[in-house]
Amino acid sequence: MKIIVCVKQVPDTSGKVAVNPDGTLNRASMQTITNPDDMNAVEAALKMKDATGCKVIVVTMGPPPAAGMLRELMAMGADEGVLVSAREFGGSDTYATSQILAAAIDTIGVEKDDIVMCGRQAIDGDTAQVGPQIAEKLGLPQVTYAADIQKDGSTVTVKRMLEDGYMTIKAQTPCLLTCIKELNNPRYMSIGGIYATYNKPLETFDYEKLKDHRLIDATTIGLKGSPTNIFKSFTPPQKGAGMMLEGADKATCEQLAGILAKKHII
Amino acid sequence: MDFNLSREHQLIRKMMAEFTENEVKPIAAETDLNSEYPRENIEKLFDLGVMGMCVPKEYGGTGADPLASAICIEELSRQCASTGDIVATHNGLCCDPILTHGTEEQKKKYLPMLTTGHKVGAFALTEPNAGSDASKGQTEAKLEGDHYVMNGSKIFITNGYVADVFVVFAMTDKTKGTKGISAFIVESSFPGFSVGKHEVKMGLHGSPTAEIVFTDCIVPKENMLGREGKGFSIAMQTLDGGRIGIAAQALGIAEGALAEAKEYTKGRVQFGKPISKFQNTQFTFADMELGCEAGRLLTYQAAVLKGQGVRYTKEAAMAKLFCSEHAMKTTTKALQMFGGYGYTKDYPMERMMRDAKITEIYEGTSEVQRIVISANMGL
């Protein structure tokens, strides 16, 4: 059994956010981090490794410096890294990215017992599309927004956390799960892990390596293969402040019911 | 000559910076206020392989070098000098002498305890009448059959009331002066071992300091560390290494104070502009930065020399002396920048200043460091 975890290096938005005149992120001037939701996916995989001894492979698509991020994830305990990197892949939108990542994951090989894990969404694009698209392109069942994952043989039971409640779903492996921050607290690198990380295998999948895969076509990858065009970027207006009603007495409950009824919520 | 950290050391710094920010910083003020040993964080540091990190893999450690340990202590001390002290003592003053001078049996028994076994270590040399003049210790160990009977007491022992394993120095032959001192590995569970007074200190409130007392304490013969009569030399050698830890701790305190002051002065507006824009503030910052950089180079130099297995006595003393005096200067000046706020417990400056002071005193006072440096100058 192995777990393949897709990760993305993103600008660190907790510090200073630099924006270009056209409204896009000025990535070059910002520090990078591993996408937070992806860290939860890595932690979920490592917990499963702790319990079962399975192998964990971290995969990212990005420029060569993204290899540094993979080394950090291997210092946390991942066994292998795959860096998908080529000029031909640059400028890919979610469609093209998932096309390339699906080809890379398929090249690594997804077997009966395996799981592919992704973060729910990346903090730079916030699309939450790449994970589900990879699942579609690989023909894998998918469960998104995983807040709890249990594996019993080839059955994975996932508690999904949605805006208005939880949903528990069972899926058969191989499958793809997207993970949210409520799933776990990612561990730190360890001293032993750091000393081991540069001795672990890290392979680069370039264009040559993937070009003959069925999903890789000049029209489906990179800038040319990306159907998304950004028309305009802007900061959305802030949502208004919420309203707090205090007390559990009848009058407050009636007031609450009145407000909800007025908004046609009940 | 390459001044860049290796990629492993860079990752260790990043890991410790993250740990310090998320786990140490949030409880540092409380740890100080309540004089509380940061047990949970020490347990986590065991899990992460920081405690006893220089112990080779075959004995449960990670085989890290002294520079890696110094970086960890430096990062922790930026927010909590107590946590830095606990790690420095465990790594430098307990694991290190056992690793360096222990028999294979001692290493096999004690080093796994001090790493994967989560047992905390300590070092017991100082006595009421034997501080800088460590040769005047009164604690005695007499051989009786297959064990030594130890009597006496040690004071100011870091990790004193939490440690399980102590490296203790005692007279085995009073007639021989320093050549009559021997080192022992003593467990807190040995009959006759007890913890005396818990010290109430000016700073380092999270670091548990206590007196330890030996009353006919039974120490197995095989627990002598190194040869009989070699204790004083083991102590001095251990303190050389320990000084790198204290230099790193002091450096971390100075860096932490500098960072706090930078943030504060950029936001504090007086006379119409942030006080960071006044030349007096900027010149003070320049001195602080310069001292931190110089201290870092001295500390890392001593650590690298230790890692290379060459003599580093003078370099460790210079690093410890320079960094501890710089920590005291920097915390004092940084507190001054905060004005009245710096004197309150709403900000960490007064804690950092109190914590900095001990670095000029323990593991050899600044005066002792000057003795060590000048003694190594061929005068």
# chains A, B, ... in the order shown; residues from 1 in each chain; ligands from 1

$ interface_residues --of "chain B" --to "chain A" --cutoff "7 Å" --atoms "only C-alpha atoms" --output "list in words"
Glu8, Leu11, Ile12, Met15, Leu48, Gly49, Val50 and Thr62 of chain B

$ write_last_selection --atoms "C-alpha atoms" --output "compact mmCIF listing (two decimals), in the first residue's frame"
# COMPACT_ATOMS: atom_id res chain seq x y z
CA GLU B 8 20.51 20.26 7.04
CA LEU B 11 16.22 22.96 7.86
CA ILE B 12 16.98 22.53 11.57
CA MET B 15 12.05 23.56 12.12
CA LEU B 48 11.43 15.58 17.68
CA GLY B 49 14.88 14.27 18.51
CA VAL B 50 16.19 17.56 19.92
CA THR B 62 20.28 11.31 15.68

$ residues_around --residues "Val10 of chain A" --least-positions-apart "2" --cutoff "12 Å" --atoms "only C-alpha atoms" --output "PyMOL selection string"
chain A and resi 7-8+12-14+17+25-28+30-39+60-63+65-66+69+121-126

$ write_last_selection --atoms "N, CA and C atoms" --output "mmCIF file, in the first residue's frame"
data_model
loop_
_atom_site.group_PDB
_atom_site.id
_atom_site.type_symbol
_atom_site.label_atom_id
_atom_site.label_comp_id
_atom_site.auth_asym_id
_atom_site.auth_seq_id
_atom_site.Cartn_x
_atom_site.Cartn_y
_atom_site.Cartn_z
ATOM 1 N N VAL A 7 1.091 18.091 -3.449
ATOM 2 C CA VAL A 7 1.342 19.304 -2.659
ATOM 3 C C VAL A 7 1.722 20.447 -3.590
ATOM 4 N N LYS A 8 1.498 21.651 -3.091
ATOM 5 C CA LYS A 8 1.816 22.832 -3.903
ATOM 6 C C LYS A 8 2.557 23.855 -3.058
ATOM 7 N N ASP A 12 3.398 32.812 0.849
ATOM 8 C CA ASP A 12 2.963 32.881 2.252
ATOM 9 C C ASP A 12 2.127 34.143 2.452
ATOM 10 N N THR A 13 0.835 33.948 2.558
ATOM 11 C CA THR A 13 -0.049 35.121 2.668
ATOM 12 C C THR A 13 -0.196 35.602 4.116
ATOM 13 N N SER A 14 0.487 34.896 5.050
ATOM 14 C CA SER A 14 0.376 35.352 6.447
ATOM 15 C C SER A 14 1.293 36.559 6.693
ATOM 16 N N VAL A 17 1.491 40.673 1.770
ATOM 17 C CA VAL A 17 0.979 40.223 0.476
ATOM 18 C C VAL A 17 1.330 41.275 -0.575
ATOM 19 N N LEU A 25 -1.054 38.137 -7.866
ATOM 20 C CA LEU A 25 -0.053 38.076 -6.796
ATOM 21 C C LEU A 25 1.345 38.257 -7.365
ATOM 22 N N ASN A 26 2.154 39.041 -6.674
ATOM 23 C CA ASN A 26 3.557 39.168 -7.059
ATOM 24 C C ASN A 26 4.324 38.069 -6.330
ATOM 25 N N ARG A 27 4.348 36.883 -6.944
ATOM 26 C CA ARG A 27 4.906 35.703 -6.285
ATOM 27 C C ARG A 27 6.391 35.844 -6.014
ATOM 28 N N ALA A 28 7.098 36.515 -6.932
ATOM 29 C CA ALA A 28 8.560 36.600 -6.813
ATOM 30 C C ALA A 28 8.984 37.313 -5.537
ATOM 31 N N MET A 30 7.406 37.303 -2.667
ATOM 32 C CA MET A 30 6.848 36.734 -1.431
ATOM 33 C C MET A 30 7.548 35.437 -1.038
ATOM 34 N N GLN A 31 7.592 35.184 0.278
ATOM 35 C CA GLN A 31 8.127 33.919 0.781
ATOM 36 C C GLN A 31 7.181 32.796 0.355
ATOM 37 N N THR A 32 7.710 31.598 0.273
ATOM 38 C CA THR A 32 6.829 30.485 -0.083
ATOM 39 C C THR A 32 6.657 29.535 1.102
ATOM 40 N N ILE A 33 5.513 28.882 1.105
ATOM 41 C CA ILE A 33 5.238 27.839 2.095
ATOM 42 C C ILE A 33 4.565 26.664 1.385
ATOM 43 N N THR A 34 4.459 25.552 2.077
ATOM 44 C CA THR A 34 3.653 24.460 1.540
ATOM 45 C C THR A 34 2.193 24.820 1.814
ATOM 46 N N ASN A 35 1.361 24.656 0.811
ATOM 47 C CA ASN A 35 -0.048 25.010 0.965
ATOM 48 C C ASN A 35 -0.638 24.361 2.235
ATOM 49 N N PRO A 36 -1.250 25.153 3.100
ATOM 50 C CA PRO A 36 -1.699 24.617 4.405
ATOM 51 C C PRO A 36 -2.580 23.361 4.320
ATOM 52 N N ASP A 37 -3.572 23.338 3.453
ATOM 53 C CA ASP A 37 -4.418 22.138 3.356
ATOM 54 C C ASP A 37 -3.611 20.917 2.900
ATOM 55 N N ASP A 38 -2.592 21.160 2.083
ATOM 56 C CA ASP A 38 -1.741 20.046 1.623
ATOM 57 C C ASP A 38 -0.956 19.458 2.804
ATOM 58 N N MET A 39 -0.602 20.342 3.753
ATOM 59 C CA MET A 39 0.107 19.860 4.951
ATOM 60 C C MET A 39 -0.785 18.884 5.726
ATOM 61 N N THR A 60 4.810 17.153 -6.431
ATOM 62 C CA THR A 60 4.445 18.551 -6.680
ATOM 63 C C THR A 60 4.785 18.916 -8.109
ATOM 64 N N MET A 61 4.021 19.862 -8.649
ATOM 65 C CA MET A 61 4.394 20.440 -9.929
ATOM 66 C C MET A 61 4.824 21.868 -9.653
ATOM 67 N N GLY A 62 5.988 22.229 -10.150
ATOM 68 C CA GLY A 62 6.462 23.577 -9.902
ATOM 69 C C GLY A 62 7.872 23.763 -10.417
ATOM 70 N N PRO A 63 8.426 24.945 -10.210
ATOM 71 C CA PRO A 63 9.798 25.201 -10.652
ATOM 72 C C PRO A 63 10.790 24.413 -9.790
ATOM 73 N N PRO A 65 13.056 25.019 -7.569
ATOM 74 C CA PRO A 65 13.179 25.227 -6.109
ATOM 75 C C PRO A 65 12.106 24.513 -5.283
ATOM 76 N N ALA A 66 11.028 24.076 -5.906
ATOM 77 C CA ALA A 66 9.983 23.344 -5.162
ATOM 78 C C ALA A 66 10.534 22.034 -4.596
ATOM 79 N N MET A 69 10.868 22.123 -0.910
ATOM 80 C CA MET A 69 9.652 21.816 -0.147
ATOM 81 C C MET A 69 9.502 20.294 0.011
ATOM 82 N N GLN A 121 -7.833 22.913 -1.215
ATOM 83 C CA GLN A 121 -7.574 23.962 -2.188
ATOM 84 C C GLN A 121 -6.303 24.693 -1.797
ATOM 85 N N ALA A 122 -5.717 25.392 -2.772
ATOM 86 C CA ALA A 122 -4.486 26.147 -2.504
ATOM 87 C C ALA A 122 -4.858 27.582 -2.159
ATOM 88 N N ILE A 123 -4.088 28.184 -1.255
ATOM 89 C CA ILE A 123 -4.458 29.524 -0.792
ATOM 90 C C ILE A 123 -4.176 30.608 -1.837
ATOM 91 N N ASP A 124 -3.444 30.262 -2.902
ATOM 92 C CA ASP A 124 -3.213 31.303 -3.918
ATOM 93 C C ASP A 124 -4.347 31.373 -4.933
ATOM 94 N N GLY A 125 -4.839 30.211 -5.373
ATOM 95 C CA GLY A 125 -5.909 30.215 -6.378
ATOM 96 C C GLY A 125 -7.286 30.004 -5.771
ATOM 97 N N ASP A 126 -7.335 29.246 -4.657
ATOM 98 C CA ASP A 126 -8.601 28.963 -3.969
ATOM 99 C C ASP A 126 -9.656 28.314 -4.866
#

$ atom_distance --atom1 "atom CA of Cys72 of chain B" --atom2 "atom CA of Lys25 of chain B"
14.5 Å

$ residues_around --residues "Ala294 of chain B" --least-positions-apart "4" --cutoff "12 Å" --atoms "only C-alpha atoms" --output "mmCIF file with N, CA and C atoms, in the first residue's frame"
data_model
loop_
_atom_site.group_PDB
_atom_site.id
_atom_site.type_symbol
_atom_site.label_atom_id
_atom_site.label_comp_id
_atom_site.auth_asym_id
_atom_site.auth_seq_id
_atom_site.Cartn_x
_atom_site.Cartn_y
_atom_site.Cartn_z
ATOM 1 N N ALA B 247 26.489 30.127 25.115
ATOM 2 C CA ALA B 247 26.695 31.177 24.112
ATOM 3 C C ALA B 247 25.478 31.221 23.181
ATOM 4 N N LEU B 251 22.929 34.249 22.787
ATOM 5 C CA LEU B 251 22.732 34.787 21.441
ATOM 6 C C LEU B 251 21.235 34.822 21.105
ATOM 7 N N ALA B 254 19.503 37.640 22.939
ATOM 8 C CA ALA B 254 19.797 38.935 22.299
ATOM 9 C C ALA B 254 19.002 39.082 21.002
ATOM 10 N N GLU B 255 18.973 38.036 20.209
ATOM 11 C CA GLU B 255 18.234 38.092 18.940
ATOM 12 C C GLU B 255 16.738 38.291 19.184
ATOM 13 N N ASP B 287 24.369 48.603 16.732
ATOM 14 C CA ASP B 287 25.257 47.920 17.690
ATOM 15 C C ASP B 287 24.709 46.548 18.081
ATOM 16 N N MET B 288 23.397 46.500 18.266
ATOM 17 C CA MET B 288 22.773 45.211 18.638
ATOM 18 C C MET B 288 22.976 44.175 17.527
ATOM 19 N N GLU B 289 22.719 44.604 16.307
ATOM 20 C CA GLU B 289 22.834 43.710 15.149
ATOM 21 C C GLU B 289 24.272 43.229 14.976
ATOM 22 N N LEU B 290 25.186 44.176 15.099
ATOM 23 C CA LEU B 290 26.606 43.864 14.959
ATOM 24 C C LEU B 290 27.030 42.824 16.002
ATOM 25 N N LEU B 298 31.218 33.669 16.399
ATOM 26 C CA LEU B 298 32.044 33.067 17.451
ATOM 27 C C LEU B 298 31.447 31.742 17.929
ATOM 28 N N THR B 299 30.128 31.739 18.123
ATOM 29 C CA THR B 299 29.464 30.535 18.638
ATOM 30 C C THR B 299 29.539 29.398 17.623
ATOM 31 N N TYR B 300 29.245 29.719 16.379
ATOM 32 C CA TYR B 300 29.254 28.669 15.355
ATOM 33 C C TYR B 300 30.681 28.161 15.131
ATOM 34 N N GLN B 301 31.642 29.071 15.236
ATOM 35 C CA GLN B 301 33.051 28.657 15.089
ATOM 36 C C GLN B 301 33.403 27.633 16.164
ATOM 37 N N MET B 318 35.412 32.413 24.498
ATOM 38 C CA MET B 318 35.207 33.712 23.840
ATOM 39 C C MET B 318 33.749 33.863 23.398
ATOM 40 N N ALA B 319 33.200 32.808 22.841
ATOM 41 C CA ALA B 319 31.804 32.857 22.382
ATOM 42 C C ALA B 319 30.872 33.092 23.564
ATOM 43 N N LYS B 320 31.121 32.367 24.655
ATOM 44 C CA LYS B 320 30.251 32.479 25.829
ATOM 45 C C LYS B 320 30.360 33.868 26.444
ATOM 46 N N LEU B 321 31.578 34.353 26.579
ATOM 47 C CA LEU B 321 31.802 35.679 27.171
ATOM 48 C C LEU B 321 31.150 36.763 26.309
ATOM 49 N N PHE B 322 31.420 36.716 25.024
ATOM 50 C CA PHE B 322 30.918 37.768 24.142
ATOM 51 C C PHE B 322 29.386 37.749 24.070
ATOM 52 N N CYS B 323 28.825 36.581 23.872
ATOM 53 C CA CYS B 323 27.367 36.488 23.695
ATOM 54 C C CYS B 323 26.630 36.840 24.982
ATOM 55 N N HIS B 326 26.805 40.519 25.463
ATOM 56 C CA HIS B 326 25.975 41.167 24.440
ATOM 57 C C HIS B 326 24.481 40.996 24.760
#

$ atom_distance --atom1 "atom CA of Met74 of chain A" --atom2 "atom CA of Ser29 of chain A"
26.2 Å

$ residues_around --residues "Glu18 of chain B" --least-positions-apart "4" --cutoff "10 Å" --atoms "only C-alpha atoms" --output "ChimeraX atom specification"
/A:188-189 /B:12-14,22-24,75-76

$ residues_around --residues "Ser324 of chain B" --least-positions-apart "4" --cutoff "7 Å" --atoms "only C-alpha atoms" --output "PyMOL selection string"
chain B and resi 247+250+320+328+356+359-360

$ atom_distance --atom1 "atom CA of Gly229 of chain B" --atom2 "atom CA of Asp65 of chain B"
29.0 Å

$ residues_around --residues "segment 134-143 of chain B" --least-positions-apart "2" --cutoff "7 Å" --atoms "only C-alpha atoms" --output "list in words"
Thr126, Glu127, Asn129, Ala130, Gly131, Ser132, Gly145, His147, Tyr148, Val149, Met150, Asn151, Gly152, Ser153, Ala170, Met171, Thr172, Gly177 and Thr178 of chain B

$ select_by_dssp --residues "segment 60-193 of chain A" --states "strand (DSSP E or B)" --output "NGL selection string"
:A and (60-61 or 80-84 or 115-119 or 142-152 or 155-162 or 165-172 or 175-179)

$ write_last_selection --atoms "C-alpha atoms" --output "PDB file, in the first residue's frame"
ATOM      1  CA  THR A  60       4.445  18.551  -6.680  1.00  0.00           C
ATOM      2  CA  MET A  61       4.394  20.440  -9.929  1.00  0.00           C
ATOM      3  CA  GLU A  80       9.937   9.656  -1.672  1.00  0.00           C
ATOM      4  CA  GLY A  81       9.432  12.822  -3.666  1.00  0.00           C
ATOM      5  CA  VAL A  82       8.509  13.495  -7.267  1.00  0.00           C
ATOM      6  CA  LEU A  83       9.030  16.950  -8.754  1.00  0.00           C
ATOM      7  CA  VAL A  84       7.058  17.495 -11.931  1.00  0.00           C
ATOM      8  CA  ILE A 115      -4.827   6.329  -1.875  1.00  0.00           C
ATOM      9  CA  VAL A 116      -4.170   9.680  -3.524  1.00  0.00           C
ATOM     10  CA  MET A 117      -4.490  12.638  -1.168  1.00  0.00           C
ATOM     11  CA  CYS A 118      -4.676  16.336  -1.919  1.00  0.00           C
ATOM     12  CA  GLY A 119      -5.375  19.452   0.072  1.00  0.00           C
ATOM     13  CA  GLN A 142     -13.189  10.802  -4.855  1.00  0.00           C
ATOM     14  CA  VAL A 143     -14.235  12.131  -1.474  1.00  0.00           C
ATOM     15  CA  THR A 144     -13.660  15.821  -0.798  1.00  0.00           C
ATOM     16  CA  TYR A 145     -13.431  17.876   2.433  1.00  0.00           C
ATOM     17  CA  ALA A 146     -12.142  14.984   4.560  1.00  0.00           C
ATOM     18  CA  ALA A 147     -12.232  15.832   8.282  1.00  0.00           C
ATOM     19  CA  ASP A 148     -11.647  12.241   9.379  1.00  0.00           C
ATOM     20  CA  ILE A 149     -10.277   9.246   7.521  1.00  0.00           C
ATOM     21  CA  GLN A 150     -10.430   5.599   8.608  1.00  0.00           C
ATOM     22  CA  LYS A 151      -9.106   2.762   6.499  1.00  0.00           C
ATOM     23  CA  ASP A 152     -10.182  -0.824   6.963  1.00  0.00           C
ATOM     24  CA  THR A 155     -12.598   0.421   2.432  1.00  0.00           C
ATOM     25  CA  VAL A 156     -11.993   4.026   3.356  1.00  0.00           C
ATOM     26  CA  THR A 157     -14.555   5.738   5.587  1.00  0.00           C
ATOM     27  CA  VAL A 158     -14.376   9.493   5.318  1.00  0.00           C
ATOM     28  CA  LYS A 159     -16.214  12.086   7.358  1.00  0.00           C
ATOM     29  CA  ARG A 160     -16.779  15.083   5.099  1.00  0.00           C
ATOM     30  CA  MET A 161     -17.147  18.483   6.692  1.00  0.00           C
ATOM     31  CA  LEU A 162     -19.569  20.665   4.796  1.00  0.00           C
ATOM     32  CA  GLY A 165     -23.065  19.557   8.569  1.00  0.00           C
ATOM     33  CA  TYR A 166     -21.128  16.330   8.245  1.00  0.00           C
ATOM     34  CA  MET A 167     -21.496  13.525   5.744  1.00  0.00           C
ATOM     35  CA  THR A 168     -19.882  10.101   6.119  1.00  0.00           C
ATOM     36  CA  ILE A 169     -18.938   8.302   2.948  1.00  0.00           C
ATOM     37  CA  LYS A 170     -17.380   4.915   2.309  1.00  0.00           C
ATOM     38  CA  ALA A 171     -15.207   4.427  -0.743  1.00  0.00           C
ATOM     39  CA  GLN A 172     -13.124   1.595  -2.113  1.00  0.00           C
ATOM     40  CA  CYS A 175      -9.470   6.526  -4.381  1.00  0.00           C
ATOM     41  CA  LEU A 176      -8.661  10.212  -4.058  1.00  0.00           C
ATOM     42  CA  LEU A 177      -9.366  12.267  -0.947  1.00  0.00           C
ATOM     43  CA  THR A 178      -9.096  16.017  -0.469  1.00  0.00           C
ATOM     44  CA  CYS A 179      -8.231  17.123   3.053  1.00  0.00           C
TER      45      CYS A 179
END

$ select_by_dssp --residues "segment 10-197 of chain B" --states "alpha helix (DSSP H)" --output "PyMOL selection string"
chain B and resi 10-19+25-33+39-47+66-79+81-88+96-101+104-114

$ residues_around --residues "Asp212 of chain A" --least-positions-apart "3" --cutoff "12 Å" --atoms "only C-alpha atoms" --output "PyMOL selection string"
chain A and resi 100+103-104+107+206-209+215-218

$ write_last_selection --atoms "C-alpha atoms" --output "short mmCIF file (atom, residue, chain, number, x, y, z; two decimals), in the first residue's frame"
data_model
loop_
_atom_site.label_atom_id
_atom_site.label_comp_id
_atom_site.auth_asym_id
_atom_site.auth_seq_id
_atom_site.Cartn_x
_atom_site.Cartn_y
_atom_site.Cartn_z
CA ILE A 100 -0.13 16.75 -15.86
CA ALA A 103 -0.17 11.67 -15.79
CA ALA A 104 2.57 11.85 -13.16
CA THR A 107 3.34 7.02 -14.11
CA ASP A 206 10.25 16.40 -16.91
CA TYR A 207 8.44 16.74 -20.22
CA GLU A 208 10.47 13.91 -21.74
CA LYS A 209 9.39 11.56 -18.96
CA LEU A 215 -3.04 12.66 -20.94
CA ILE A 216 -0.11 14.74 -22.15
CA ASP A 217 -0.75 16.64 -25.32
CA ALA A 218 0.50 20.07 -26.38
#

$ closest_residue --among "A:Thr220, A:Thr235, A:Gly242, A:Lys250" --to "Val19 of chain A" --atoms "only C-alpha atoms"
A:Thr235

$ closest_residue --among "A:Leu46, A:Ala241, A:Leu260, A:Leu138" --to "Asn185 of chain A" --atoms "only C-alpha atoms"
A:Leu46

$ closest_residue --among "B:Ser35, B:Ser6, B:Ser77, B:Asn41" --to "Gly203 of chain B" --atoms "only C-alpha atoms"
B:Ser35

$ decode --residues "segment 15-95 of chain B" --atoms "C-alpha atoms" --output "PDB file, in the first residue's frame"
ATOM      1  CA  MET B  15      12.046  23.560  12.119  1.00  0.00           C
ATOM      2  CA  MET B  16      13.078  25.067  15.451  1.00  0.00           C
ATOM      3  CA  ALA B  17      11.864  28.524  14.473  1.00  0.00           C
ATOM      4  CA  GLU B  18       8.436  27.054  13.667  1.00  0.00           C
ATOM      5  CA  PHE B  19       8.379  25.047  16.876  1.00  0.00           C
ATOM      6  CA  THR B  20       9.412  28.082  18.916  1.00  0.00           C
ATOM      7  CA  GLU B  21       6.795  30.315  17.313  1.00  0.00           C
ATOM      8  CA  ASN B  22       3.945  27.809  17.706  1.00  0.00           C
ATOM      9  CA  GLU B  23       4.767  25.991  20.934  1.00  0.00           C
ATOM     10  CA  VAL B  24       7.254  28.028  22.979  1.00  0.00           C
ATOM     11  CA  LYS B  25       6.260  31.657  22.438  1.00  0.00           C
ATOM     12  CA  PRO B  26       2.612  31.238  23.500  1.00  0.00           C
ATOM     13  CA  ILE B  27       3.566  29.898  26.956  1.00  0.00           C
ATOM     14  CA  ALA B  28       6.857  31.709  27.615  1.00  0.00           C
ATOM     15  CA  ALA B  29       5.390  34.501  29.777  1.00  0.00           C
ATOM     16  CA  GLU B  30       3.254  32.055  31.764  1.00  0.00           C
ATOM     17  CA  THR B  31       6.184  29.686  32.241  1.00  0.00           C
ATOM     18  CA  ASP B  32       8.121  32.587  33.767  1.00  0.00           C
ATOM     19  CA  LEU B  33       5.280  33.967  35.843  1.00  0.00           C
ATOM     20  CA  ASN B  34       4.347  30.613  37.376  1.00  0.00           C
ATOM     21  CA  SER B  35       7.913  29.291  37.559  1.00  0.00           C
ATOM     22  CA  GLU B  36       6.617  26.277  35.731  1.00  0.00           C
ATOM     23  CA  TYR B  37       8.825  23.649  34.113  1.00  0.00           C
ATOM     24  CA  PRO B  38       7.653  23.458  30.452  1.00  0.00           C
ATOM     25  CA  ARG B  39       7.146  19.699  30.652  1.00  0.00           C
ATOM     26  CA  GLU B  40       4.932  19.304  27.592  1.00  0.00           C
ATOM     27  CA  ASN B  41       7.351  21.139  25.353  1.00  0.00           C
ATOM     28  CA  ILE B  42      10.302  19.161  26.675  1.00  0.00           C
ATOM     29  CA  GLU B  43       8.388  15.956  25.897  1.00  0.00           C
ATOM     30  CA  LYS B  44       7.774  17.265  22.380  1.00  0.00           C
ATOM     31  CA  LEU B  45      11.469  18.100  22.036  1.00  0.00           C
ATOM     32  CA  PHE B  46      12.253  14.489  22.948  1.00  0.00           C
ATOM     33  CA  ASP B  47       9.792  13.331  20.261  1.00  0.00           C
ATOM     34  CA  LEU B  48      11.434  15.583  17.681  1.00  0.00           C
ATOM     35  CA  GLY B  49      14.880  14.267  18.511  1.00  0.00           C
ATOM     36  CA  VAL B  50      16.194  17.559  19.920  1.00  0.00           C
ATOM     37  CA  MET B  51      16.897  16.192  23.407  1.00  0.00           C
ATOM     38  CA  GLY B  52      20.163  14.295  23.176  1.00  0.00           C
ATOM     39  CA  MET B  53      20.427  15.056  19.472  1.00  0.00           C
ATOM     40  CA  CYS B  54      24.214  14.657  19.288  1.00  0.00           C
ATOM     41  CA  VAL B  55      24.033  11.085  20.604  1.00  0.00           C
ATOM     42  CA  PRO B  56      24.766   8.654  17.740  1.00  0.00           C
ATOM     43  CA  LYS B  57      21.905   6.654  16.254  1.00  0.00           C
ATOM     44  CA  GLU B  58      23.050   3.356  17.796  1.00  0.00           C
ATOM     45  CA  TYR B  59      22.390   4.827  21.267  1.00  0.00           C
ATOM     46  CA  GLY B  60      19.032   6.391  20.381  1.00  0.00           C
ATOM     47  CA  GLY B  61      20.031   9.845  19.148  1.00  0.00           C
ATOM     48  CA  THR B  62      20.283  11.314  15.685  1.00  0.00           C
ATOM     49  CA  GLY B  63      24.036  11.814  15.451  1.00  0.00           C
ATOM     50  CA  ALA B  64      23.663  15.566  14.991  1.00  0.00           C
ATOM     51  CA  ASP B  65      26.727  17.771  15.317  1.00  0.00           C
ATOM     52  CA  PRO B  66      27.333  20.432  18.016  1.00  0.00           C
ATOM     53  CA  LEU B  67      26.399  23.216  15.571  1.00  0.00           C
ATOM     54  CA  ALA B  68      22.942  21.709  15.076  1.00  0.00           C
ATOM     55  CA  SER B  69      22.455  21.579  18.849  1.00  0.00           C
ATOM     56  CA  ALA B  70      23.608  25.209  19.176  1.00  0.00           C
ATOM     57  CA  ILE B  71      21.130  26.308  16.507  1.00  0.00           C
ATOM     58  CA  CYS B  72      18.286  24.577  18.373  1.00  0.00           C
ATOM     59  CA  ILE B  73      19.230  26.231  21.686  1.00  0.00           C
ATOM     60  CA  GLU B  74      19.567  29.622  19.966  1.00  0.00           C
ATOM     61  CA  GLU B  75      16.137  29.401  18.327  1.00  0.00           C
ATOM     62  CA  LEU B  76      14.369  28.221  21.506  1.00  0.00           C
ATOM     63  CA  SER B  77      16.042  30.964  23.556  1.00  0.00           C
ATOM     64  CA  ARG B  78      14.755  33.695  21.268  1.00  0.00           C
ATOM     65  CA  GLN B  79      11.424  33.241  23.001  1.00  0.00           C
ATOM     66  CA  CYS B  80      12.168  31.255  26.162  1.00  0.00           C
ATOM     67  CA  ALA B  81      15.658  31.120  27.648  1.00  0.00           C
ATOM     68  CA  SER B  82      14.445  28.589  30.242  1.00  0.00           C
ATOM     69  CA  THR B  83      13.612  26.058  27.539  1.00  0.00           C
ATOM     70  CA  GLY B  84      16.958  26.770  25.891  1.00  0.00           C
ATOM     71  CA  ASP B  85      18.713  26.191  29.208  1.00  0.00           C
ATOM     72  CA  ILE B  86      17.004  22.855  29.859  1.00  0.00           C
ATOM     73  CA  VAL B  87      18.060  21.606  26.411  1.00  0.00           C
ATOM     74  CA  ALA B  88      21.593  23.048  26.706  1.00  0.00           C
ATOM     75  CA  THR B  89      22.133  21.306  30.045  1.00  0.00           C
ATOM     76  CA  HIS B  90      20.674  17.998  28.910  1.00  0.00           C
ATOM     77  CA  ASN B  91      22.625  17.910  25.634  1.00  0.00           C
ATOM     78  CA  GLY B  92      25.880  19.578  26.616  1.00  0.00           C
ATOM     79  CA  LEU B  93      26.377  18.698  30.249  1.00  0.00           C
ATOM     80  CA  CYS B  94      24.829  15.255  30.614  1.00  0.00           C
ATOM     81  CA  CYS B  95      24.665  13.433  27.273  1.00  0.00           C
TER      82      CYS B  95
END
